[in-house]
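A.B. asks: Okay, handing you the structure first.
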Amino acid sequence: MNQVIQEKFIPQQLLYFLAGRRCCQQFACTYRASEHEAFVTHSRAYGLRSQIVFNNGQNYIKVFKQACRHYMELPKNLTLSSASIMNMFTLLSRTALLNREDLELSDLGSQAPTWRSIHLPLPLIRQQTAYFKTEGQRFFLQSFPGHHHYDEILKLIYANRVIVFDADRSWDKSVFLPLLILDDCGNKKSNVRIMCIEKDSVVALHNSHRMAANYFGEEVGDSVGIQLPHSNIVGSKTHIVFTTAQYFLRAIATLKFDNISHVVVNDVHLHDPYTDILLSELRDVLNTKPNLRVVLLSQTDNLKKFTAFFGEGAEVNMKRHQPSRTRIAHLDDIHSSIALAGIHKGPDIYKEMPEIFRTKSQRNEQMDNCLQAYEDLGTDAAIRPFLYAINYDLVPVNYRHSVNGKTAALIASDLNNANHLRLLLFMGADPYIVDMQQQNAISLAASKGNHECIDVLNNYSLHGYVVKNAKPEFVDYDLIIDIMYLLRTKPEFTPGNIDGLKDFLFCSFFSGNILIILPTYYHIVKLNYMLLSHCLTGNLQELSIFLLHENVKMEYIDSLVKTRCPDTVKVVLTTDIIESLPLQEVPFKYLIDTACRLNTVYDSSVYGVDDRYEWVSKDCLMRRELILDIKAPDAQCFRLISKEAFNALPETSKPRLQTMQLDKICLAVKMLSPNMIISEYLNFTISPPPLINVHHAVQFLKKIDVLDELEEVTWLGCRLQDIPLPCQLGRLLIFGILLQCLDPILTIVSSLTTADPLGIPFNEDIDHLWDRFTIYIQNRIKNERSRLADNQFSDHFIFLRLFHEWQCKLKNKMPPLYLTDEYDFVLNGLMEQLNYTRYEIVSALRSANLIHGNGQLGMTTLNQMSGNWHIVKAALTGGMYPNICAVDQGNKCLKSAISPSVHLHPNTVLRDFLEPLKISALNFRTPWIVCTRHKDHIVYATMVVPLAVALFSGPPRLRLSQVCDSQSNDRNAHMFIDEWIWMIMPKPVVELVMKTRQYFFKMYYELLKNCCDQELWRRESGPPGSNHAALTDAISKIFEIEESFIGFCKPPAITYRPIATLPPVYLLTVNAHFSWIREVDENRPLCKNQEQFYTHMVERQFFMLYTEEDSEGFYSNTSSCFIESVLGKFVRPIETPIRHIFVILYRKNPDVMISVSRAKTINGEFILKEYFRNSIPVYEILDACISLKVNVPVFDGRLMSCLIDKRVGNLIMDLFAFRHHWIHKR
């Protein structure tokens, strides 16, 4: 039998491997040592490489193809300095250690973890307290369109255990149906408790507050309750409870479905992954609780799949199939209307700026050489360097040669290379760009008679699917602003509006609210600034801007819903949360839909996730269209997608369970059904995920110690379930707690889940006004990242420095209510979200008992090492495992245990633009890199010392069998941390590393196992046998010595600031400060009729005011009496609601304009309301005046204040409003 295995079975397995697509394969540990030798022999015969690896105490044989980049040919060296060895000895001497045979962790995971309930059980179900409905309550119920079907709906609910309900959005189903059931149960005096399940927390909060206030006239917690992670308000008289699917699943894992009569699940058509799992639980519980009623609320016509899934139930479709009166406009219609209207957005003062920024970097010279070589040779090989720069270094496909202005598309057209031209057009090249000779790709092909290229360009003009605004990954902000101008200044030119004689003022005044749906929060913040800048300069009619997104606070929703002002147009910037969030109080007349969303897609081929922008489905677009007010006779929907692309969209979206990373889903499944295999459970859901994705998720959870080898939940998995983060980031928080550096780890984790304000932009991400400076902007951002990294070879360090500098700039106060530039505004918006994420994570850690009020797990103790970057890197190493790469100096490449091919993204500070790895690696101090990957690109990376990898990576328990002697040197030993990480070190160092690992991971288990015992952690020493302070102190000294020994620079301080009052609602405050609603309220006593509020009828006057102070000093030290004495006598007589007075602050030495303010009289007091603050040299203003042929003013500072020409004043305001941070910052 042994001979058959060695001579037939093993060669057959190797041949199967050769024929497959995998580059390497690990064979089971069940083979014997003699069979391992057979593997090695046959592998060598087939031209393969083989290696014996160790993992969890077992040895395996791993076989590699020649092209495999996983293969670690040689182990990495670990050499410790003598000082580090001494410190390790000192640390270990304080413990009761340890003979060599005691090096393995033992008996730490013997006790099975127990699930803990995260909230109190629901009170006993009871009858509704008798009460008489008021007239207001009767009217509220009767106001729902579905009230006429009262009896019909109740009859269906009581005749079926499952009912799938679909109706128009105006029915407000998530509020109407629970009230309908409650009202009927009150009449029948039957016991009732209704669980209302929403997809998002903000929707549950909003609906609970609406129902409690509008129907019951109570606060939440009486008749209506809420159960969310940080808002658990349920009383003994509560009959309706709102919650989310994710939180409800966590509750029923321990409390089951006790004391519940009805479950109403909203938005089942969206196939939220936790909602899909909840449907499986509901289907199972109906077997044991036959009296439970399940009501599914949907907005899709395909109701049959839900009843088929349950195997019973009724389908109720109450939709009125009436033809929509909403006019739909796609990209072609929108562009035609904008061109016909002749939209003019004000003087483009920056358009004529000399392009001096192009040729001032090495990167420009490199790209110029690429284009010149392509023009000279014209071959496939000649264009490849340019294509590589586009794909891997973010070079714009429309890059123009610094001298002659030619683009690659223009050169391809000149050379009559149709294949290259077609490829460039597909990548987004613009054939209309002209060179210095005023030729573009079209005119050049026509003049030279290049017929093949002419055919390609003609086809492009017919199917312009490659232009910027036809790609889902790029939002065309300029087009959205154009549409806003179209709606607010020339609505008679909107697509489909044939009444060209409609009175302009009438149209403007009666324009309705505008809804703009964007893919992410980052897009919301950026568009918010653009709208504000256009409003404040007077180029666009003033508006009131509101924001909505998944993590929005209730203050944002309340400001939108409760603000009732007929004199304003509300512009709501939102993500797809609007599909679930009912806003009956705010009717919308116009919808601008970007028609795309950001999906996090798991790619099984590279074992990683990819943040992918995709077009939404047709049914999603139809649901968004239905948000518009059905009573509006001329409602308009603008879809930023071509008609051709729209026709190619799928009818329905793919369920997220089939595309997402499944780590938290697998953990939730084990919580719900601990005795069932995860893949088997998920296969019975309504949208089962691919088996390969489930397998990868389970293997990953085993690798990071969330599941054990038997697929049982470990103590770590038990703690991570209540933390709203992916499992790997949750594990990183655990390491931050253990190493007492929680605050910087919180910042890093929050930054990884928030948009990066310093991400290197693509050309398409930059506004049309600045996209010709893409290379320069990218270089400036790269330099800023290098400044923040401060030679630490870490992108994660940038997160800490950026957040720290933002905190210091605030000085514990609210960010300023003036505008500086787009980057500053976006940074404040993203930091607000990051700060909110930090708060949510800390609250979750407290709920999981990983943070206590005081003692060893109090915030003060957990941040004792927060200012030590060496400790933070150690926590990163352990928490981010297995996302660790190694530099192979011999082959000049990066190797990873997971992805077959990894590359450094241009975003990381570990490499420069267009710099090959063999050049970047010359500066590396260590071969080990801890990273955050997007597919096969390393976006964020940190270089760590080998000792950090040896101590904190790999499984918590290493066995002695994973250490073996070196055959070439008796003094050294090999240490296999897992099947890929392989080190060689002196034998005494191996013993020190193993003992230190045991010391650390023993405390790791103690923390996870006993963190709920607060009395235990209130002792100064913590649990018996543990000494966190001694461990972190020793590790801090050791890693400081090691990093200095290797050659790392000393890091700057990352000061921990435990008391920092940070702004909770910055964007809400800024938008309210500049809203049209406030303008109306402030001017209402002065106006006699509403027409005075039309911005296009407002006259503007500009005054210059000289000061010797900077802006901060002027506004801090200047009293209203001084302003009155200097400006009041000039301004008061001419100020009216239709004449706005602006004051431009001016300072000499150097000659700069530093601020623009609005002079206003409010409640009899004369004030300056600051709009913009920056520093604009006077010479820029003079140059702009010359280029726009405006009379050049004289700024000599001889007068304290003076009146200036309106054209110059408007020009200065535009210079302030549309200034670019990276181009103009000096």
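Identifiers in the structure tokens: chain A, B, ... in order shown; residue index from 1 per chain; ligand index from 1 in order shown.
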List the spatial neighbours of segment 398-409 of chain A as JSON, numbers by chain - criterion: any atom at most 9 Å away, only C-alpha atoms, same-chain residues fewer than 6 positions off excluded.

C.D. replies: {"A": [358, 359, 364, 365, 367, 368, 369, 371, 372, 374, 375, 383, 386, 420, 421, 422, 424, 425, 428, 429, 430, 431, 433, 434, 435, 436, 437, 439, 440, 441, 763, 772, 774, 775]}

A.B. asks: If you count only C-alpha atoms, which residues fall within 8 Å of Asn417 of chain A, apart from same-chain ones fewer than 4 positions away, as a list in words?

C.D. replies: Gly378, Ala412, Ser413, Leu421, Glu452 and Cys453 of chain A

A.B. asks: Leaving out segment 312-321 of chain A and any residue of its chain fewer than 2 positions from it, which residues lie within 8 Å of it when counting only C-alpha atoms, given as a PyMOL selection string?

C.D. replies: chain A and resi 156+160-168+301+303-304+307-308+310+323

A.B. asks: Rank A:Ala789, A:Val1065, A:Ile766, A:Ile514 by their smallest atom-to-atom distance to Thr568 of chain A, using only C-alpha atoms, and report the top residue only.

C.D. replies: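 Closest candidate: A:Ile514.
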
A.B. asks: Just checking: using only C-alpha atoms, which residue out of A:Ala635, A:Leu394, A:Leu278, A:Met676 ends up closest to Ile777 of chain A?

C.D. replies: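 Of the candidates, the smallest distance to Ile777 of chain A is held by A:Leu394.
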
A.B. asks: Identify all residues of segment 228-425 of chain A in helix (DSSP H, G or I) (DSSP on the backbone) and supply them as an MDAnalysis selection string.

C.D. replies: chainID A and resid 245:255 268:270 273:285 304:310 331:341 362:377 380:393 408:414 418:425

A.B. asks: As a PyMOL selection string, please: the residues near Ser1044 of chain A (cut-off 12 Å, only C-alpha atoms, same-chain neighbours under 6 positions excluded).

C.D. replies: chain A and resi 80-81+83-84+792+870+925-926+945+1037-1038+1050-1051

A.B. asks: Store the residues of this selection in a file with N, CA and C atoms, as a PDB file, in the first residue's frame.

C.D. replies:
```pdb
ATOM      1  N   LEU A  80      18.978  39.602  17.328  1.00  0.00           N
ATOM      2  CA  LEU A  80      18.674  40.586  18.360  1.00  0.00           C
ATOM      3  C   LEU A  80      19.946  41.242  18.859  1.00  0.00           C
ATOM      4  N   SER A  81      19.824  42.493  19.222  1.00  0.00           N
ATOM      5  CA  SER A  81      20.946  43.194  19.845  1.00  0.00           C
ATOM      6  C   SER A  81      21.121  42.677  21.268  1.00  0.00           C
ATOM      7  N   ALA A  83      21.366  44.350  23.979  1.00  0.00           N
ATOM      8  CA  ALA A  83      20.510  45.074  24.921  1.00  0.00           C
ATOM      9  C   ALA A  83      19.094  44.498  24.915  1.00  0.00           C
ATOM     10  N   SER A  84      18.602  44.114  23.744  1.00  0.00           N
ATOM     11  CA  SER A  84      17.268  43.515  23.677  1.00  0.00           C
ATOM     12  C   SER A  84      17.239  42.173  24.391  1.00  0.00           C
ATOM     13  N   GLN A 792       9.147  57.324   8.883  1.00  0.00           N
ATOM     14  CA  GLN A 792       8.786  56.157   9.701  1.00  0.00           C
ATOM     15  C   GLN A 792       8.370  54.958   8.856  1.00  0.00           C
ATOM     16  N   HIS A 870       6.560  52.625  18.922  1.00  0.00           N
ATOM     17  CA  HIS A 870       7.099  51.269  18.826  1.00  0.00           C
ATOM     18  C   HIS A 870       6.057  50.250  19.297  1.00  0.00           C
ATOM     19  N   ARG A 925      14.370  49.168   5.882  1.00  0.00           N
ATOM     20  CA  ARG A 925      15.198  48.771   7.022  1.00  0.00           C
ATOM     21  C   ARG A 925      14.963  47.319   7.428  1.00  0.00           C
ATOM     22  N   THR A 926      13.871  46.751   6.966  1.00  0.00           N
ATOM     23  CA  THR A 926      13.479  45.401   7.368  1.00  0.00           C
ATOM     24  C   THR A 926      12.676  44.776   6.236  1.00  0.00           C
ATOM     25  N   VAL A 945       9.855  45.494  12.622  1.00  0.00           N
ATOM     26  CA  VAL A 945      11.082  44.735  12.859  1.00  0.00           C
ATOM     27  C   VAL A 945      10.758  43.246  12.894  1.00  0.00           C
ATOM     28  N   LYS A1037      10.836  49.019  25.628  1.00  0.00           N
ATOM     29  CA  LYS A1037      12.293  49.187  25.603  1.00  0.00           C
ATOM     30  C   LYS A1037      12.929  48.297  24.535  1.00  0.00           C
ATOM     31  N   ILE A1038      12.443  47.062  24.457  1.00  0.00           N
ATOM     32  CA  ILE A1038      13.024  46.121  23.493  1.00  0.00           C
ATOM     33  C   ILE A1038      12.851  46.623  22.070  1.00  0.00           C
ATOM     34  N   LYS A1050      14.106  57.979  14.921  1.00  0.00           N
ATOM     35  CA  LYS A1050      13.302  58.167  16.121  1.00  0.00           C
ATOM     36  C   LYS A1050      11.993  58.839  15.744  1.00  0.00           C
ATOM     37  N   PRO A1051      10.850  58.267  16.124  1.00  0.00           N
ATOM     38  CA  PRO A1051       9.569  58.841  15.705  1.00  0.00           C
ATOM     39  C   PRO A1051       9.228  60.095  16.490  1.00  0.00           C
TER      40      PRO A1051
END
```
